[in-house]
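Below is one structure, written out as structure tokens; the observations come after it.
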Amino acid sequence: MLPPFKIEQAINQIVREEWGRILAALVAGIGDLQLAEDVLQDALEQALTTWQKQGLPKSPSAWLITTARRRAIDKFRRDSRFAKLQPELTYLVELESQVDDTDEEMIIPDKRLELIFTCCHPALEEKSRIALTLRTLGGLSTEEIARAFLDKPKTMAQRLSRAKNKIALAGIPFKLPDDAHLQQRLSTVLSVIYFIFNEGYTASSGKQIVREDLAEEAIRLARIVHSLMPMQTEVAGLLALMLLHDSRRQTRMDHRGNMIPLAEQNRSKWSKAKIAEGTHLLKTTLVKQQVGSYQIQAAISAIHAESSDWESTDWRQISAFYELLYSLQPSAVVRVNQSIAVSYAHSIEEALTLLAIVENEDAMLNYQPLYAARADLNQRLGRHEEAIADLLRAIELSENSAQAEFLQRKLEAFQA
Amino acid sequence: MQYICLIYSAADTGPAPGTPEFGPYMQAYQEFTTLLKEKGALVAGDALQPATTATTVTRENGSIETTDGPFAETKEQLGGYYLIECDSLDEAIEYAAKIPTAAHGRIEVRPIMTFD
């Protein structure tokens with residue numbers, strides 16, 4: 001006999017794992033994101049009562065999508081507003097008459113890639129792309145997304161509905177971009193996923209530095225895109241990068257929530273499974289020789305992951321990878337990161353020279369990591385006044401309190 | 001679907017009449033219009049007289065109020081439009097990016113509302 005379980009739990013699990021796939025298949029048939037979401041929600045409610053009475057169907061996902069499609073057909077028939085969707089209705093009725101309820105592949109074609117490209121369309125506002133991706137692919141509720149962005153649920157609901165409205169009215173197509181635009185559009189998708197990860201990894205505001213659910217969600221999304229586009233090296237690169245970063249999750253904060261820098265983390269507690277998966281993925285990707293910025297960043301992260309301590313890190317190689325990254329992505333931000341590697345691989349003076357080249361750029365004026373890096377370099381050179389000034393500025397510019405408190409402690413230790 | 005591409009640019013940008021760049025600029029517009037026609041995408045398209053010739057009209061309590069000039073006080077002015085027929089926003093964006101003024105001004109792409 002199966003152990004007793006709650007139908008609600010089963011439904012929650014399905015929503016968690018299958019929402020994106022079911023919704024994507026529904027949108028492909030119905031052609032309207034909002035309507036697809038509504039009928040899926042209806043089907044979930046119906047599942048709660050039906051499954052309670054009859055038990056769990058053989059394929060819950062197939063049951064949900066068939067029920068949702070029937071709801072859509074009902075709506076089309078009853079509501080004159082959907083009159084123009086006649087072709088979709090015909091298609092749905094046809095589907096309905098053809099499929100066998102147990103053949104999942106046939107009922108749920110995998111349209112998640114189309115869905116993510118639609119949600120990450122450049123004609124949508126950046127924050128909306130992120131919210132919409134979390135809602136449609138991730139199955140996160142509006143409340144959960146609002147909490148992740150420290151927004152009011154009502155504001156987030158309005159943002160989501162505005163975005164869905166634009167998709168429908170402006171004719172944003174539910175299809176993959178053609179070859180000429182694929183790389184550019186894919187990079188938008190990847191930046192949405194990486195943003196979600198970073199938001200989970202270092203919450204840009206507020207006290208908590210790790211919001212694990214978002215980091216996990218980003219990794220899950222990258223896995224989906226990677227499984228559907230295995231030949232795209234930057235997708236694999238991003239997935240590897242996030243796995244490698246995430247391997248340090250348990251060691252980035254002490255039990256009081258204080259930030260621990262890479263140099264002082266307990267490396268024995270890094271997740272070996274994530275490091276193994278990340279480095280394996282990276283190695284099999286780099287041989288394809290289509291290098292991109294995510295792969296390079298993953299390679300840098302892999303060097304850290306494989307070093308037994310901070311001192312024995314191969315800084316020359318890291319510095320060289322930053323040079324390569326700079327050639328693809330010539331930004332001051334890359335130079336700031338490179339400066340630390342250069343200070344260990346070559347000399348602190350050389351690192352400061354590197355910073356001097358970029359520190360007067362407008363974008364650097366309020367860039368916290370620049371001041372944190374320069375403070376470190378000045379401190380190591382024994383330039384006390386400069387180091388203190390840089391630390392104060394870095395504290396002032398810190399966006400989350402964990403970061404500010406970490407630098408504050410550094411300042412106090414330094415002044416003592 | 002139909003989309004309108006509204007062409008905006010600031011007065012002192014882009015090739016001016018009488019300069020060597022102006023001929024090729026006009027030529028590019030002609031070629032773009034021809035492309036739209038060939039693809040069967042052109043519904044309508046016109047250039048407008050400068051914003052200095054605009055009159056803004058409102059009606060208040062039955063009386064007609066007129067003011068000289070366009071409504072918006074932005075630097076960029078509406079200079080022309082294309083009304084095009086496309087399958088999706090992606091196609092409309094593709095055409096909009098080919099409008100010569102997109103190189104120095106901006107094109108606002110708006111779907112046409114249909115009542116049914």
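For the structure tokens, the naming scheme is as follows: chains receive sequential letters (A, B, ...) according to their order of presentation, residues are indexed from 1 within each chain, and ligands are indexed from 1 in presentation order.
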Exercise for review: Enumerate as JSON, numbers by chain the residues belonging to chain A that approach chain B to within 6 Å, with only C-alpha atoms taken into account.
Suggested key: {"A": [170, 171, 172, 173]}
Keeping only all heavy atoms, take the residues you just selected and write them out as a short mmCIF file (atom, residue, chain, number, x, y, z; two decimals), in the first residue's frame.
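File written: again.cif
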data_model
loop_
_atom_site.label_atom_id
_atom_site.label_comp_id
_atom_site.auth_asym_id
_atom_site.auth_seq_id
_atom_site.Cartn_x
_atom_site.Cartn_y
_atom_site.Cartn_z
N ALA A 170 0.72 43.51 -28.47
CA ALA A 170 1.77 43.96 -29.40
C ALA A 170 2.20 42.85 -30.34
O ALA A 170 3.00 43.08 -31.23
CB ALA A 170 2.96 44.50 -28.61
N GLY A 171 1.65 41.65 -30.15
CA GLY A 171 1.98 40.57 -31.07
C GLY A 171 3.38 40.04 -30.90
O GLY A 171 4.06 39.73 -31.87
N ILE A 172 3.85 39.92 -29.63
CA ILE A 172 5.14 39.25 -29.39
C ILE A 172 4.92 37.77 -29.67
O ILE A 172 4.08 37.14 -29.05
CB ILE A 172 5.63 39.50 -27.95
CG1 ILE A 172 6.00 40.98 -27.79
CG2 ILE A 172 6.82 38.60 -27.61
CD1 ILE A 172 6.49 41.38 -26.41
N PRO A 173 5.65 37.21 -30.65
CA PRO A 173 5.31 35.86 -31.11
C PRO A 173 5.78 34.77 -30.14
O PRO A 173 6.79 34.92 -29.47
CB PRO A 173 6.07 35.75 -32.43
CG PRO A 173 7.22 36.67 -32.29
CD PRO A 173 6.79 37.78 -31.38
#
**Study point:** A:Arg71 environment, 8 Å, only C-alpha atoms, sequence neighbours closer than 5 positions dropped, as a list in words
**Key:** Val39, Asp42 and Ala43 of chain A
Save out the residues we just selected, all heavy atoms, as a PDB file, in the first residue's frame.
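Written output follows (part_39.pdb):
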ATOM      1  N   VAL A  39      -6.809  29.018 -17.210  1.00  0.00           N
ATOM      2  CA  VAL A  39      -7.419  27.678 -17.306  1.00  0.00           C
ATOM      3  C   VAL A  39      -6.593  26.633 -16.560  1.00  0.00           C
ATOM      4  O   VAL A  39      -7.137  25.674 -16.025  1.00  0.00           O
ATOM      5  CB  VAL A  39      -7.695  27.233 -18.773  1.00  0.00           C
ATOM      6  CG1 VAL A  39      -8.765  28.102 -19.407  1.00  0.00           C
ATOM      7  CG2 VAL A  39      -6.427  27.234 -19.620  1.00  0.00           C
ATOM      8  N   ASP A  42      -7.640  26.982 -13.022  1.00  0.00           N
ATOM      9  CA  ASP A  42      -8.947  26.319 -12.878  1.00  0.00           C
ATOM     10  C   ASP A  42      -8.770  24.811 -12.762  1.00  0.00           C
ATOM     11  O   ASP A  42      -9.387  24.154 -11.922  1.00  0.00           O
ATOM     12  CB  ASP A  42      -9.844  26.596 -14.098  1.00  0.00           C
ATOM     13  CG  ASP A  42     -10.334  28.032 -14.117  1.00  0.00           C
ATOM     14  OD1 ASP A  42     -10.135  28.740 -13.108  1.00  0.00           O
ATOM     15  OD2 ASP A  42     -10.907  28.454 -15.147  1.00  0.00           O
ATOM     16  N   ALA A  43      -7.908  24.259 -13.632  1.00  0.00           N
ATOM     17  CA  ALA A  43      -7.700  22.815 -13.640  1.00  0.00           C
ATOM     18  C   ALA A  43      -7.110  22.350 -12.311  1.00  0.00           C
ATOM     19  O   ALA A  43      -7.464  21.289 -11.794  1.00  0.00           O
ATOM     20  CB  ALA A  43      -6.785  22.424 -14.805  1.00  0.00           C
TER      21      ALA A  43
END
Check your understanding: From the list A:Lys288, A:Trp270, A:Leu140, A:Ile300, which residue is nearest A:Leu241 when using only C-alpha atoms?
Key ->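 Closest to A:Leu241 of all the choices is A:Ile300.
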Check your understanding: If we count only C-alpha atoms, what is near B:His104 at a cut-off of 9 Å, once residues fewer than 3 positions away on the same chain are taken out, given as a list in words?
Key -> Ser9, Ala10, Thr13, Gly14, Pro100 and Thr101 of chain B
Review point. Mind checking DSSP for stretch 33-266 of chain A and telling me the helix (DSSP H, G or I) residues as a ChimeraX atom specification?
Key: /A:33-54,60-78,80-98,104-107,112-119,126-136,142-148,153-169,179-201,212-228,233-246,249-251,262-264
Practice item. Name all residues at most 10 Å from A:Asn366 (count only C-alpha atoms; drop same-chain ones fewer than 6 positions away) and give them as a count of residues only. Key: 5
Exercise for review: Find the residue from A:Glu386, A:Glu144, A:Glu306, A:Glu125 that sits nearest to A:Val192; use only C-alpha atoms when measuring.
Suggested key: A:Glu125
